[in-house]
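*Asks:* This is the structure I want to talk about, given as structure tokens.
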Amino acid sequence: MSLADELNPRQLEAVTTTEGPLLIVAGAGSGKTRAITYRILHLIRDKQVSPENILAITFTNKAAKEMRERVFQRLEMNETAPWVSTFHSLCLKLLRRHISELGYSNEFVIFDAQDQLAVVKKCMKEGQVNTEAFPPKSLLGQISSFKNDFKMPEDLDPETFSYGAPLKAVQIYPRYQKMLKEHNALDFDDLLVLTVRLLRQSDQIRDYYNERFKYLLVDEFQDTNLTQYRLIQLLSQRHQNVCVVGDDDQSIYSWRGARIENLLRFEREFEGTRVIKLEQNYRSTQTILKVAGAVVRENENRKDKTLWTENAVGERVIYHRAEDEVDEARVAAEKLNQWNQEDGISFNDSAILYRTNAQSRAMEDHLRHLRLPYRVIGGQKFYERKEIKDILAYLKVILNPADSVSLKRILNVPVRGIGKTSVEKIEIWCQVNNATLAQGLREATQGNLVGSGPARKIEQFLNLLDQLSRMCKEGSALDFLQETMEKSGYIAMLEKENSIESRGRVENLSELYNAVEAFVETERRGTLLDFLDSATLASDQDQVDDSRGVIHLMTLHTCKGLEFDAVIILGLENGLLPHSSSMSDNKSYEEERRLCYVGLTRARKKLMITNTRHRRMHGSTFHYPPSDFLLAIPAELLEKKMTEPQASAYNQYGGRSQWQDRSSSQPAEPPALKSSGGKQSSGEFAVGSRVLHPKFGQGVVVMKEGEEEDLRVTIFFKSEGKKKLVARKAKLIML
DNA sequence: TTTTACTTTTCAGGT
DNA sequence: AAAAGTAAAA
């Protein structure tokens with residue numbers, strides 16, 4: 001077999017251009033993974049590069065695992081597979097080895113979003129920042145974006161920030177960072193930031209890894225942030241053998257700091273970069289490709305490129321306008337069932353995609369009702385569930401006593417008589433004496449920091465921790481986990497409660513036990529700390545792996561990099577896709593379009609898109625109009641269907657007229673409302689429309705809820721940000 | 001002082 | 001609809 005037989009000329013070029021910086025612009029379904037795999041194999045087999053000298057960075061653990069397996073399959077028996085990893089797990093590996101250089105201890109823990117929020121709140125309290133005026137979440141977001149841009153606390157001058165949340169964030173940031181370090185904890189962003197700092201600081205370590213990873217490969221490059229870019233620069237400093245793969249049309253993570261500009265920047269800053277474009281699509285039908293292309297072409301800021309395919313024309317894309325979310329779910333499930341029975345599309349090759357996690361609910365209800373097999377990917381994460389976090393907090397505290405956040409979490413869970421007042425007293429003592437919470441607890445058992453009652457309870461609790469700590473050192477990870485769940489009284493607490501919910505929690509805990517068991521089996525030298533690491537870095541997509549024969553339900557973000565025979569995208573409505581919060585800003589509006597594009601291009605053969613006339617969300621009814629993205633799709637590519645409005649028979653023609661109206665660029669009103677006789681509640685203050693407020697000035701309606709008298713609109717004002725107003729009361733003028 | 005019951009808030013996307 | 005926060009009861 002020769003490479004030329006298996007690859008097209010462009011792909012071949014991408015595979016054989018091994019030396020120097022290379023940028024591969026790879027459109028959706030253009031055989032990117034294939035090219036990368038062959039590139040690695042080519043390096044090993046034809047260029048005699050040792051697998052150890054190759055590092056490939058992918059976006060998710062799942063992608064990394066697949067890549068590793070694909071390469072491994074084709075290697076000789078005695079060869080080891082190269083390092084394939086995500087940014088975060090790569091950094092974690094390096095830091096576990098070298099972090100002492102930065103003054104952390106090697107047993108550091110990783111704080112997830114919840115833990116981070118607890119730290120921010122504490123910082124705000126200490127720094128006397130009003131949590132009412134400045135939501136901790138938004139400050140945390142600010143801090144995160146500083147880190148994504150590789151801005152250290154000392155790089156930021158509060159003088160240059162004049163007002164509001166950014167200023168407060170600058171003020172809190174140093175305190176936040178200090179507190180994390182005191183807890184011997186890193187947040188997600190720190191994994192990247194500290195690795196860059198490590199490589200900058202130590203010539204020796206940097207040289208070592210430059211020598212070690214002579215060939216670098218980075219996938220999904222359009223979704224890297226500045227810190228990740230710096231990391232790549234540092235790792236490739238010496239040899240410059242970097243191959244990055246990306247597609248500007250699929251950039252969907254700018255909200256967490258990703259920069260499309262890294263693509264342009266790479267070309268500029270890495271000298272002599274070669275650019276190769278992969279534009280032939282091997283995945284989808286011509287029709288699907290045309291529809292997707294039509295949607296994304298509307299974006300103003302994009303490099304022009306056109307995907308083409310030799311695949312069949314295929315069927316038209318079905319667009320179904322449903323009554324509500326229940327009806328939408330019915331339509332989607334029926335279609336998948338039909339495709340399954342008439343066209344032999346397996347459920348496992350079918351996916352239902354949506355913009356927000358909340359949308360899965362109606363879909364799940366209906367699939368369960370029909371007894372169709374399904375699996376929700378992502379959403380509420382397993383390791384973020386209360387009971388799991390609680391037990392893991394016990395483990396974390398034993399491994400890293402400096403972790404006061406986890407300690408505080410379990411202090412009185414299950415309830416053991418150590419209440420709010422006692423904790424507050426101890427925390428004040430800790431702050432004064434600059435001690436950890438664990439030290440504070442020891443103090444409380446000695447002195448008269450708290451009453452004698454709580455002091456005794458605290459002593460018992462500390463004894464429990466000591467006992468568990470001993471077990472951790474002596475016994476196996478599995479026994480230790482088991483003991484923790486029992487000795488802490490956690491299981492007993494749940495069993496005593498004996499509700500449907502608590503029984504579910506017990507089940508989840510036994511699932512945790514299974515997970516640790518499986519981990520210990522597969523990872524030969526896996527410690528409990530390694531397990532915690534993999535648990536915190538697990539990505540949503542990892543769940544796709546072990547599901548067989550089920551319909552996949554997930555968000556449009558999660559579906560990136562996957563493909564299915566049949567795809568249904570729900571909720572193409574202004575307010576949902578594009579999402580309401582993106583409507584006032586052109587950049588994020590374009591990102592919504594790309595998000596839609598990513599979803600559309602997941603489909604190989606069958607594609608359906610749907611929306612509803614109204615849907616219930618967060619406890620109220622929304623009347624979102626059809627998505628503007630639909631307007632870009634040429635009518636002849638669509639097979640239009642709709643659920644007849646059930647109000648009464650004579651309505652159906654009112655409904656049908658929307659197709660004749662479509663050319664008039666304004667999306668049609670939901671027909672059901674036209675015949676209701678009442679006032680058209682969605683006519684005014686339509687999502688996306690501009691209004692004028694006497695005080696706040698011009699704004700854009702981003703969301704509306706309630707009806708008639710109660711109609712409340714959320715409006716985005718340039719000066720004030722988002723405001724929620726009662727439409728009747730606020731003196732709003734439509735523009 | 002701690003626990004339970006009630007009220008209020010939030011509601012995009014994820015490593 | 002669900003989690004987080006607050007006031008009243010034990």
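Residues are named by chain letter and number: chains run A, B, ... in the order of the structure tokens, numbers start at 1 in each chain, and ligands are numbered from 1 in the order shown.
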Using only C-alpha atoms (C1' of nucleotides), which chain A residues lie at most 9 Å away from chain C, written as a list in words?

*Replies:*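 The complete set of qualifying residues is Met617, His618 and Gly619 of chain A.
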
*Asks:* Suppose we keep all heavy atoms; can you now write the selection as a PDB file, in the first residue's frame?

*Replies:*
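Writing the result to out15.pdb gives the following:
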ATOM      1  N   MET A 617     -40.330  26.972  28.871  1.00  0.00           N
ATOM      2  CA  MET A 617     -38.971  26.877  29.402  1.00  0.00           C
ATOM      3  C   MET A 617     -38.917  27.644  30.708  1.00  0.00           C
ATOM      4  O   MET A 617     -39.560  28.685  30.839  1.00  0.00           O
ATOM      5  CB  MET A 617     -37.983  27.530  28.442  1.00  0.00           C
ATOM      6  CG  MET A 617     -37.540  26.646  27.288  1.00  0.00           C
ATOM      7  SD  MET A 617     -36.697  27.644  26.054  1.00  0.00           S
ATOM      8  CE  MET A 617     -35.234  28.096  26.944  1.00  0.00           C
ATOM      9  N   HIS A 618     -38.119  27.170  31.653  1.00  0.00           N
ATOM     10  CA  HIS A 618     -37.952  27.848  32.937  1.00  0.00           C
ATOM     11  C   HIS A 618     -39.296  28.290  33.504  1.00  0.00           C
ATOM     12  O   HIS A 618     -39.432  29.379  34.022  1.00  0.00           O
ATOM     13  CB  HIS A 618     -37.074  29.095  32.806  1.00  0.00           C
ATOM     14  CG  HIS A 618     -35.909  28.916  31.914  1.00  0.00           C
ATOM     15  ND1 HIS A 618     -35.039  27.866  32.049  1.00  0.00           N
ATOM     16  CD2 HIS A 618     -35.466  29.643  30.881  1.00  0.00           C
ATOM     17  CE1 HIS A 618     -34.108  27.982  31.130  1.00  0.00           C
ATOM     18  NE2 HIS A 618     -34.345  29.035  30.402  1.00  0.00           N
ATOM     19  N   GLY A 619     -40.300  27.493  33.300  1.00  0.00           N
ATOM     20  CA  GLY A 619     -41.576  27.778  33.914  1.00  0.00           C
ATOM     21  C   GLY A 619     -42.480  28.780  33.217  1.00  0.00           C
ATOM     22  O   GLY A 619     -43.523  29.104  33.728  1.00  0.00           O
TER      23      GLY A 619
END

*Asks:* DSSP on the backbone, strand (DSSP E or B) only: what residues of stretch 530-654 of chain A does that give? Format it as a PyMOL selection string.

*Replies:* chain A and resi 551-555+564-569+573+575-576+579+603-612+615-617+620-622+626+638-642

*Asks:* If we count only C-alpha atoms (C1' of nucleotides), which residues of chain A reach to within 7 Å of chain B? Please list them as number ranges by chain.

*Replies:* A: 88, 188, 356, 417, 419, 537, 539, 557, 618

*Asks:* So, with only C-alpha atoms as the atoms that count, which of A:Ala515, A:Trp429, A:Lys151, A:Glu69 lies closest to A:Asn448?

*Replies:* A:Trp429

*Asks:* Near A:Glu298, counting only C-alpha atoms (C1' of nucleotides), which residues have an atom at most 9 Å away, once you skip same-chain residues fewer than 2 positions from it, shown as a list in words?

*Replies:*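 After dropping sequence-adjacent residues, the list is Gly293, Ala294, Val295, Val296, Glu300, Glu590, Arg593, Phe629 and Ala632 of chain A.
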
*Asks:* Contacts of stretch 398-404 of chain A at 8 Å or less, counting only C-alpha atoms (C1' of nucleotides), minus same-chain residues fewer than 5 places along, as an MDAnalysis selection string?

*Replies:* chainID A and resid 107:109 182:185 436:438 465 468:469 472 529

*Asks:* Let's have the selection written as a PDB file, in the first residue's frame, with N, CA and C atoms.

*Replies:*
ATOM      1  N   GLU A 107       0.881  17.381  45.366  1.00  0.00           N
ATOM      2  CA  GLU A 107      -0.442  16.789  45.611  1.00  0.00           C
ATOM      3  C   GLU A 107      -1.564  17.788  45.354  1.00  0.00           C
ATOM      4  N   PHE A 108      -1.290  18.820  44.590  1.00  0.00           N
ATOM      5  CA  PHE A 108      -2.323  19.828  44.351  1.00  0.00           C
ATOM      6  C   PHE A 108      -3.606  19.203  43.808  1.00  0.00           C
ATOM      7  N   VAL A 109      -4.720  19.874  44.091  1.00  0.00           N
ATOM      8  CA  VAL A 109      -6.000  19.418  43.554  1.00  0.00           C
ATOM      9  C   VAL A 109      -6.488  20.427  42.514  1.00  0.00           C
ATOM     10  N   GLU A 182      -2.738  28.940  48.427  1.00  0.00           N
ATOM     11  CA  GLU A 182      -2.788  28.525  49.828  1.00  0.00           C
ATOM     12  C   GLU A 182      -3.541  27.203  49.997  1.00  0.00           C
ATOM     13  N   HIS A 183      -4.526  26.995  49.139  1.00  0.00           N
ATOM     14  CA  HIS A 183      -5.268  25.737  49.181  1.00  0.00           C
ATOM     15  C   HIS A 183      -4.512  24.630  48.459  1.00  0.00           C
ATOM     16  N   ASN A 184      -3.382  24.979  47.889  1.00  0.00           N
ATOM     17  CA  ASN A 184      -2.648  24.050  47.035  1.00  0.00           C
ATOM     18  C   ASN A 184      -3.560  23.533  45.926  1.00  0.00           C
ATOM     19  N   ALA A 185      -4.266  24.464  45.326  1.00  0.00           N
ATOM     20  CA  ALA A 185      -5.246  24.107  44.295  1.00  0.00           C
ATOM     21  C   ALA A 185      -5.011  24.919  43.024  1.00  0.00           C
ATOM     22  N   THR A 436      -4.889  27.253  57.728  1.00  0.00           N
ATOM     23  CA  THR A 436      -5.873  26.520  56.929  1.00  0.00           C
ATOM     24  C   THR A 436      -7.035  26.134  57.836  1.00  0.00           C
ATOM     25  N   LEU A 437      -8.134  25.769  57.189  1.00  0.00           N
ATOM     26  CA  LEU A 437      -9.313  25.386  57.955  1.00  0.00           C
ATOM     27  C   LEU A 437      -9.024  24.168  58.823  1.00  0.00           C
ATOM     28  N   ALA A 438      -8.225  23.256  58.309  1.00  0.00           N
ATOM     29  CA  ALA A 438      -7.877  22.045  59.062  1.00  0.00           C
ATOM     30  C   ALA A 438      -7.173  22.428  60.359  1.00  0.00           C
ATOM     31  N   LEU A 465     -11.384  11.671  60.164  1.00  0.00           N
ATOM     32  CA  LEU A 465     -10.449  11.974  59.074  1.00  0.00           C
ATOM     33  C   LEU A 465      -9.112  11.249  59.293  1.00  0.00           C
ATOM     34  N   LEU A 468      -9.528   7.655  58.400  1.00  0.00           N
ATOM     35  CA  LEU A 468      -9.579   7.473  56.940  1.00  0.00           C
ATOM     36  C   LEU A 468      -8.195   7.685  56.336  1.00  0.00           C
ATOM     37  N   SER A 469      -7.483   8.644  56.873  1.00  0.00           N
ATOM     38  CA  SER A 469      -6.159   8.952  56.359  1.00  0.00           C
ATOM     39  C   SER A 469      -5.227   7.747  56.486  1.00  0.00           C
ATOM     40  N   CYS A 472      -6.103   5.256  53.933  1.00  0.00           N
ATOM     41  CA  CYS A 472      -5.674   5.675  52.603  1.00  0.00           C
ATOM     42  C   CYS A 472      -4.242   5.243  52.341  1.00  0.00           C
ATOM     43  N   LEU A 529      -5.273   9.751  43.299  1.00  0.00           N
ATOM     44  CA  LEU A 529      -5.066  11.102  42.805  1.00  0.00           C
ATOM     45  C   LEU A 529      -5.229  11.141  41.280  1.00  0.00           C
TER      46      LEU A 529
END

*Asks:* Using only C-alpha atoms, which of the listed residues (A:Gln380, A:Thr601, A:Asn611, A:Gln237) sits closest to A:Arg206?

*Replies:* A:Gln237

*Asks:* To one decimal place, how far is atom CA of A:Gln201 from atom CA of A:Trp83 in Å?

*Replies:*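 Here the two named atoms are 23.8 Å from each other.
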
*Asks:* Pick the closest to A:Ile252 from A:Ile24, A:Leu607, A:Leu556, A:Leu55: which is it, counting only C-alpha atoms?

*Replies:*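 Closest to A:Ile252, using only C-alpha atoms: A:Leu556.
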
*Asks:* Could you state the separation of atom CA of A:Arg96 and atom CA of A:Gln233 in Å, given to one decimal place?

*Replies:* 21.3 Å

*Asks:* What is the distance between atom CA of A:Ala165 and atom CA of A:Lys408, in Å to one decimal?

*Replies:*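 One can read the atom CA of A:Ala165 to atom CA of A:Lys408 distance as 27.7 Å.
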
*Asks:* Extract, using only C-alpha atoms (C1' of nucleotides), all DNA, RNA and protein residues at most 10 Å from A:Lys335, discarding same-chain residues fewer than 4 positions from it, and format them as a PDB file with C-alpha atoms, in the first residue's frame.

*Replies:*
ATOM      1  CA  ILE A 318     -36.599  18.300   6.218  1.00  0.00           C
ATOM      2  CA  ALA A 329     -40.121  15.811  20.296  1.00  0.00           C
ATOM      3  CA  ARG A 330     -42.858  13.650  18.811  1.00  0.00           C
ATOM      4  CA  VAL A 331     -41.909  14.652  15.278  1.00  0.00           C
ATOM      5  CA  TRP A 339     -35.388   6.263   9.172  1.00  0.00           C
ATOM      6  CA  ASN A 340     -34.484   3.307  11.316  1.00  0.00           C
ATOM      7  CA  GLN A 341     -37.173   1.057   9.900  1.00  0.00           C
ATOM      8  CA  ALA A 566     -28.918  10.984  10.716  1.00  0.00           C
ATOM      9  CA  ILE A 568     -31.986  16.315  13.862  1.00  0.00           C
ATOM     10  CA  MET A 608     -33.924  17.408   9.766  1.00  0.00           C
TER      11      MET A 608
END
